[in-house]
Each structure stands twice: as C-alpha cells, then as structure tokens.
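K.L.:
One structure follows; several queries about it will come next.
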Amino acid sequence: MPIFLWLFLLIVLPHIELFLMSLKYENDMGDMVWSLQNYGEFFAEEIYWLTFIRVALYSILVTFLTFVITFPIAFYITKIVSVKYKGFLIILLLMPFWVSELVRVYGWMILLRESGVINYFLQALGLIDKPIEMLYNDVSMIMGLVYTSMLFMVVPLISSLDGMDDSYIEAAHDLGASKIVIFFKIVIPYTAPGIVSGSIVVFMLTLGNYLTPNLMGGKNSLWFTEQIYNQFIASFNWNQGAAFGFLLLILSSFIIWLGLKLTKQNLTKALS
Amino acid sequence: MNQSLVIESLKKSFGDFKAVDGIDFYVEEGKFFSILGPSGCGKTTLLRMIAGFLEPSSGSIRICGDEMIGISPNKRPVNLVFQNLALFPMMDVGENIAFGLKRQNFSKKEIEEKVKNILEKVHLTGYERKNVSNLSGGQKQRVAIARSLVLEPSILLLDEPLGALDLKLREQMKIELKKLQNEFGTTFIYITHDQSEALVMSDKVAVMNNGKFEQIDTPKNLYANPKTSFVANFVGETNKFEAKLIDDAGVVKTKEGIDFRVNLIDKNIKKDCFVFIRPEAIVMMVEGNMEDMNYFDLSIKTILFDGSNTKVLATLNDTEHEIMVSLPQNRKFAHIKEGEVISAGVHISDCKCYE
Ligand SMILES: Nc1ncnc2c1ncn2[C@@H]1O[C@H](COP(=O)(O)OP(=O)(O)OP(=O)(O)O)[C@@H](O)[C@H]1O
Ligand SMILES: [Mg+2]
C-alpha cells in the first residue's frame, strides 16, 4: 500500500495539478478561464513545435548512439575479458559517474573550449594555427548527452549479457552461423529486454535533460526543457509551462510506445 | 569401411597442465563411439577440439579425410549437442531446428519439410510452434538432437546429453538415442562418465584417464578383458584387493593375508599389485579341489536385494575384508541368510592381476 500512496502523492497528484493548470488561460480581461489556448499556442508558434520535433529526433539519435557505443563495451566486459578483470573494468566504467553531471559536463568543457586542453595540444603540435571552437554546437551537445547517458545503457546491457550463457553463441556457431548472424539472430534478440530498458531510460533522461544542452549546445541548440523553464521562470507563465510539460510527457510516452510496437517488445518484460 | 574421424597424437595444454595428453584413435563411419572417463579427465576438452571451439596444442584431426586444424566450427561437418542443450529460448521449436538450415540457403518450403520430417523421427510431430521452455526434459533433449541431425552432419558429438535427466528418463533416452543413431546411420561420438550409458549404446568405447586413452574396445571386451587396472576398476562393478606377488608363476598374498592364484595381465609386476574379481565371477556353494579354482569361505554380512541384480556383502575367510558377490535369482540360493558361512570359489582366470 505505501507504494500506491507514494505513487499518488509524488506522481499522480502533481500531474493532475499540472494538467489543470495547463487548461487555464488568462483572457483579455485578465481573468483565468478554462481553455485549450495554451496548447494552441504551441502549434501556432513555429519555434515551439520545431524545437519539439528536433528534441525528439535528437533524443532518438542519442539513444541509438549510446547503444552503438556501449554495446561493444558491455560485450567485451562480459564475454571476452577474463573474469579476473571484469569487476575492475566495471568499476572503471562507473567511476566518472560518481561525480555530478555538472562536473562531468564541465570536464568536457575544459577539454573542448577555445582555450581548452585539446586546442592547446593541437596548436603545440602545429596542426592548427589558431584555436577552433569545438563547444556550443549540436555535435558537442550530442557528444555530451551520449556521455551522460552511457551508464544507464551499459548497466542493463551488462546484466542481460551476463545472463546469456556462452553456449548459445557456441551452439549458433556450431550450427553454421557466422559472427554477424550470431550477433543479429542470437545476441540481440536475447538481450532485447536489456536493450529496451536501457533505451527507455536513456531516451527519457535525454529528452528531459536540461543541463547538458544548456551548457554544451550553441545558441541554436534549443532543447524543449529550456522552453519549459523559460515559461516557468522567465515569463512567469506557469500555465503555458504546464502545457509544455504535459506535451513533453505525451511525446515521450508516444515515442516509447511506438518503439516497443516496432521492435515487438513489451514493457513488463523489459523492466523485469 | 571409411573412417569418419582420425585423430593423431592430439594434445592440449592449459599452461603447464596437460588436459589432453597425446591421443590417437579413429572412428568408422556410422558407428556409435563413446568416450568414458571420470570428471576432469579431459573429455570435454577433446570434444571441443573436434568441434572446433578449441585449438589443439599439437596433433591432427581429420574428418572424412580432411584436415580440420584451423577451420572454424561453422565450417566443420560436425555438430555438437551441448551438455546444457543450449536451445535458443527466444525461438520456438521449429525456429530452433530451422536455424542451421537457414544458414545453408534452403528454400522456405524445403526447410518446413525438413523440420517436419525430423520432428516426426524424434516423435515430436506437430511441435513446431511450441515454446522450448515449456517442453519436458526428454523433449528438450530430442529437440536439441533434431536441431543437429537435421543438418546431416558427418559426425554428431554429444557431451553428456543425458546428465540433466532423472534416472528413469535416462534409461529411456539411452535406448532412444541408440535407435536414432541406427536409423540415421550418423557417426556418434558420445561423452559420458556413466559406464552403463557407454556400455549399453556403443559399438566401441574409449576409456579416458588423465588426458590419455587407457583402452579402446568393444563394450564386451572392455568388461571381460580390461587391459589396465584403471579400466578394471572403472568399468563395471568389481572387488579390489591390494596384494604382493609371492610366486612369479602367479600366486599373490593379499594385504589381508589370503593367497590367490591369479591371472597375470601385466607381465612385468615386480611385487606390489592389484587383483580384481567381478561379483558375478564368484561361485557360491562349491567345494572340491579343481586345479584352476581358488577356494574360500564367505561369511554373509548383508543381503542387498535389488531384484535380478541382488548381491550379498560378505567377508572372506576370517578377515574383515568385505566383497560383493552376485546372488543368482534361483531357488538354490533362496535360503541364504545373514550370518551364515558358505563355501565359495572363483576361477583363476577371473582373478585379474595388474600392476
Ligand atoms: N580453459 C581452461 N583453462 C584451464 N584449465 C582448463 C580449461 N578448460 C579445462 N581445463 C581443465 O582441464 C581439465 C579437463 O577438463 P574437461 O572439461 O575436459 O573435463 P571433463 O572430462 O569434461 O570433465 P567433466 O566430466 O567434469 O565434464 C580439468 O582439470 C579442467 O580444470
Ligand atoms: Mg565435461
């Protein structure tokens, strides 16, 4: 029972509040009235829904890149390296995540900025004449987001690869499958629940990330969370902000639902 | 007859440890060949080298005349039935069996046909769409074997495939495996540490110990004429005596002080030796003084009733040394009671003496 109370107090109640708020609009007389105007605003103003789509696509991209980068790492740690070094490697992998996201992002900034470490060495080696700005663009932002997300992908991947008996791989190999076939027909389907749960977490965190896009992205790398923030804090338009927040929730739920449908996975299996 | 497999001076070391230490043998086409040995003697290591999962340290493996060293497992004409079966849990029975066929570019229709046929042969007709996790132990076993046999390999390798089954099912599957092998005519190489599995099913059995083969023979010969003391001890039930040779013509005195005239199998015994006598070689209630018999008294301690396999536990003469004697199931011995002393004898040729 406490779990339901917890769910209700922390999740359902605020969302009901948020939803009601999003339906109130200040009309020309200055009165608060029930209206869908806040949602209308979103579709009327191009910048809002363009950002919205951009953020969705980038989040999918980040999720995919995170998977592509972490899968070989997880595979290497669980299946190739000897058991002796496994624990050590996992700790090495988790180490950067003991510090806060802010510090991690700042670490990247020290490396990448105009007066940063990388520029210094490139100049010292004579590869470039004057420093190049590597921060504040979409590429650096995506890199930062992927880096921040890696932990949340690699942990479920390691645990589902760990649960996979090596004999499945050997049996497939024995039955005539090449390495590529084994990867796509045996390893991926077997680890699908881990991939799905990792992807869901990474996707949600990326979509809802505020810090990294803000610090590492450029002027044009607007993230939807920044617009929600602006509505709440900068414009004091809580009703508009609530509507945006709600739209973000619906968007993320929809994309996850679509992803599960397309890959024929189901949520309870992925999260169990 | 053609040879499916020829192995010459095959070795595999892990660091300093020699897991497989110089093995030579061949298997004729269509035979059921078993490798029998205690845990850790190197059976799996040997099998994995044949399948291609392990690179030998030295030696040669030829399958149907072709050298296999350096060829990856997916390119070898052999298939392995894993100890844990390794049925793919995310696929149903039909997909599991079709997995290898799909790799060989058969048409969809051919694959369906082959899957159906093989399921029929392993008595699982209509099981195509069943989930593998819902099958019983014996059914999983048959799916795993079907998955390999459907590819028509030159050799099927089986690594203790009955290990996980309960006793009753194991007895059943033994017979079924033998039947399947007959039906398909595929060469089977079967690994086990259970001597009854090896003896019942095989055309030939190799007894393995410490990375080496002690003897390769038919089950009957292996039981009747073990070449080494390890084989005599490991294959079948037996009574073992520690003894010393007191006459080169073949007389020993056991540790307990009983004299036996024995059949010297090892010709170069110095002094210490072992004598092995099978429980069924001992004849009860005989008296006399035939030239080629050892005679002694048995004090019956316990009768171990087990139907047709009933035995008695008895001590020899007035020693404490206990031996097993088979009790034939006929009226003649029905009156034997615990505590009784009866005369018995054993033929000299059945007292096998090894170094
Ligand atoms: N990769 C390895 N590294 C080091 N030693 C190994 C390795 N694989 C096997 N061994 C050793 O080689 C020996 C033989 O192992 P193997 O698995 O072949 O035994 P087995 O006869 O199959 O035993 P069991 O009946 O218990 O399965 C064992 O002592 C084992 O510890
Ligand atoms: Mg083994």
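Just so we're on the same page: first chain in the structure tokens is A, next is B, and so on; residues restart at 1 for each chain, and ligands are numbered from 1 in the order they show up.
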Taking only C-alpha atoms into account, report as a PyMOL selection string which residues of chain A lie within 12 Å of chain B.
P.N.:
chain A and resi 164-182+185-193+265
K.L.:
With DSSP run on the backbone, what are the alpha helix (DSSP H) residues within stretch 32-172 of chain A? I'd like them as a ChimeraX atom specification.
P.N.:
/A:37-44,46-75,83-94,101-112,117-124,138-162,166-172
K.L.:
Name each residue within 12 Å of ligand 1, counting only C-alpha atoms and all ligand atoms, as a PyMOL selection string.
P.N.:
(chain A and resi 82-83) or (chain B and resi 11-21+35-49+53-55+82-84+158-161+163+190-194+207-213)
K.L.:
Tell me which protein, DNA and RNA residues are within 9 Å of A:Leu23, counting only C-alpha atoms, leaving out same-chain ones fewer than 4 positions away, and put them as a VMD selection string.
P.N.:
chain A and resid 18 to 19 33 to 39 239 to 240 242 to 243
K.L.:
Take atom CA of B:His123 and atom CA of B:Glu29 and report the distance between them in Å, one decimal.
P.N.:
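Distance reported for this atom pair: 25.3 Å.
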K.L.:
Show which residues sit within 12 Å of stretch 88-95 of chain A, as a CSV table (one decimal) with N, CA and C atoms, in the first residue's frame. Count only C-alpha atoms, and ignore same-chain residues fewer than 2 positions away.
P.N.:
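Writing the result to result05.csv gives the following:
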```csv
chain,number,residue,atom,x,y,z
A,70,THR,N,28.0,1.7,-26.4
A,70,THR,CA,28.2,0.9,-25.1
A,70,THR,C,28.1,-0.6,-25.4
A,73,ILE,N,31.3,-2.4,-25.6
A,73,ILE,CA,32.0,-2.3,-24.3
A,73,ILE,C,31.4,-3.4,-23.3
A,74,ALA,N,30.1,-3.4,-23.3
A,74,ALA,CA,29.4,-4.4,-22.5
A,74,ALA,C,29.7,-5.8,-22.9
A,75,PHE,N,29.8,-6.0,-24.2
A,75,PHE,CA,30.1,-7.4,-24.7
A,75,PHE,C,31.5,-7.8,-24.3
A,76,TYR,N,32.4,-6.8,-24.5
A,76,TYR,CA,33.8,-7.1,-24.2
A,76,TYR,C,34.0,-7.4,-22.7
A,77,ILE,N,33.3,-6.7,-21.8
A,77,ILE,CA,33.5,-6.9,-20.4
A,77,ILE,C,32.9,-8.2,-20.0
A,78,THR,N,31.7,-8.6,-20.6
A,78,THR,CA,31.0,-9.8,-20.1
A,78,THR,C,31.5,-11.0,-20.8
A,81,VAL,N,36.7,-10.5,-21.9
A,81,VAL,CA,37.7,-10.3,-20.9
A,81,VAL,C,37.6,-11.4,-19.8
A,82,SER,N,38.7,-11.8,-19.2
A,82,SER,CA,38.7,-12.8,-18.2
A,82,SER,C,38.0,-12.3,-16.9
A,83,VAL,N,37.4,-13.3,-16.2
A,83,VAL,CA,36.6,-12.9,-15.0
A,83,VAL,C,37.4,-12.1,-14.0
A,84,LYS,N,38.7,-12.3,-14.0
A,84,LYS,CA,39.5,-11.6,-13.0
A,84,LYS,C,39.4,-10.1,-13.2
A,85,TYR,N,39.4,-9.6,-14.4
A,85,TYR,CA,39.4,-8.2,-14.6
A,85,TYR,C,38.1,-7.5,-14.8
A,86,LYS,N,37.0,-8.4,-14.8
A,86,LYS,CA,35.7,-7.9,-15.1
A,86,LYS,C,35.2,-6.9,-14.1
A,97,PHE,N,30.9,8.4,-13.1
A,97,PHE,CA,29.5,8.7,-12.7
A,97,PHE,C,29.4,8.9,-11.2
A,98,TRP,N,30.5,8.9,-10.5
A,98,TRP,CA,30.4,9.2,-9.0
A,98,TRP,C,30.4,10.7,-8.8
A,99,VAL,N,30.9,11.4,-9.8
A,99,VAL,CA,30.8,12.9,-9.7
A,99,VAL,C,29.5,13.4,-10.4
A,100,SER,N,29.1,14.6,-10.1
A,100,SER,CA,27.8,15.0,-10.6
A,100,SER,C,27.9,15.4,-12.1
A,104,ARG,N,30.9,16.6,-14.7
A,104,ARG,CA,31.3,15.9,-15.8
A,104,ARG,C,31.2,16.8,-17.1
A,147,TYR,N,27.6,10.9,-23.6
A,147,TYR,CA,28.5,10.6,-22.5
A,147,TYR,C,27.7,10.5,-21.2
A,148,THR,N,26.8,11.4,-21.0
A,148,THR,CA,26.0,11.4,-19.7
A,148,THR,C,25.1,10.2,-19.6
A,149,SER,N,24.7,9.7,-20.8
A,149,SER,CA,23.7,8.6,-20.8
A,149,SER,C,24.3,7.2,-20.7
A,150,MET,N,25.6,7.1,-21.0
A,150,MET,CA,26.3,5.8,-21.2
A,150,MET,C,26.0,4.8,-20.0
A,151,LEU,N,26.1,5.3,-18.8
A,151,LEU,CA,26.0,4.5,-17.7
A,151,LEU,C,24.6,3.7,-17.7
A,152,PHE,N,23.6,4.5,-18.0
A,152,PHE,CA,22.2,4.0,-17.9
A,152,PHE,C,22.0,2.9,-19.0
A,153,MET,N,22.8,2.9,-20.0
A,153,MET,CA,22.7,1.9,-21.1
A,153,MET,C,23.6,0.7,-20.7
A,154,VAL,N,24.7,1.0,-20.3
A,154,VAL,CA,25.7,-0.1,-20.1
A,154,VAL,C,25.3,-1.0,-19.0
A,155,VAL,N,24.7,-0.5,-17.9
A,155,VAL,CA,24.4,-1.4,-16.8
A,155,VAL,C,23.3,-2.5,-17.2
A,158,ILE,N,25.0,-5.0,-19.6
A,158,ILE,CA,25.9,-5.9,-18.9
A,158,ILE,C,25.1,-7.0,-18.2
A,159,SER,N,24.0,-6.6,-17.6
A,159,SER,CA,23.3,-7.6,-16.8
A,159,SER,C,22.6,-8.5,-17.7
```
K.L.:
Using only C-alpha atoms, which of the listed residues (A:Phe244, A:Leu13, A:Ser115, A:Val139) sits closest to A:Gln231?
P.N.:
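Closest to A:Gln231, using only C-alpha atoms: A:Phe244.
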K.L.:
Measuring atom to atom with only C-alpha atoms, identify which of A:Val103, A:Leu248, A:Met141, A:Met32 is nearest to A:Leu222.
P.N.:
A:Met141
K.L.:
If you run DSSP over the backbone, which residues in stretch 110-299 of chain B end up strand (DSSP E)? Put them as a ChimeraX atom specification.
P.N.:
/B:155-159,187-192,204-209,212-217,239-247,251-254,259-261,263-264,272-277,282-284,293-299
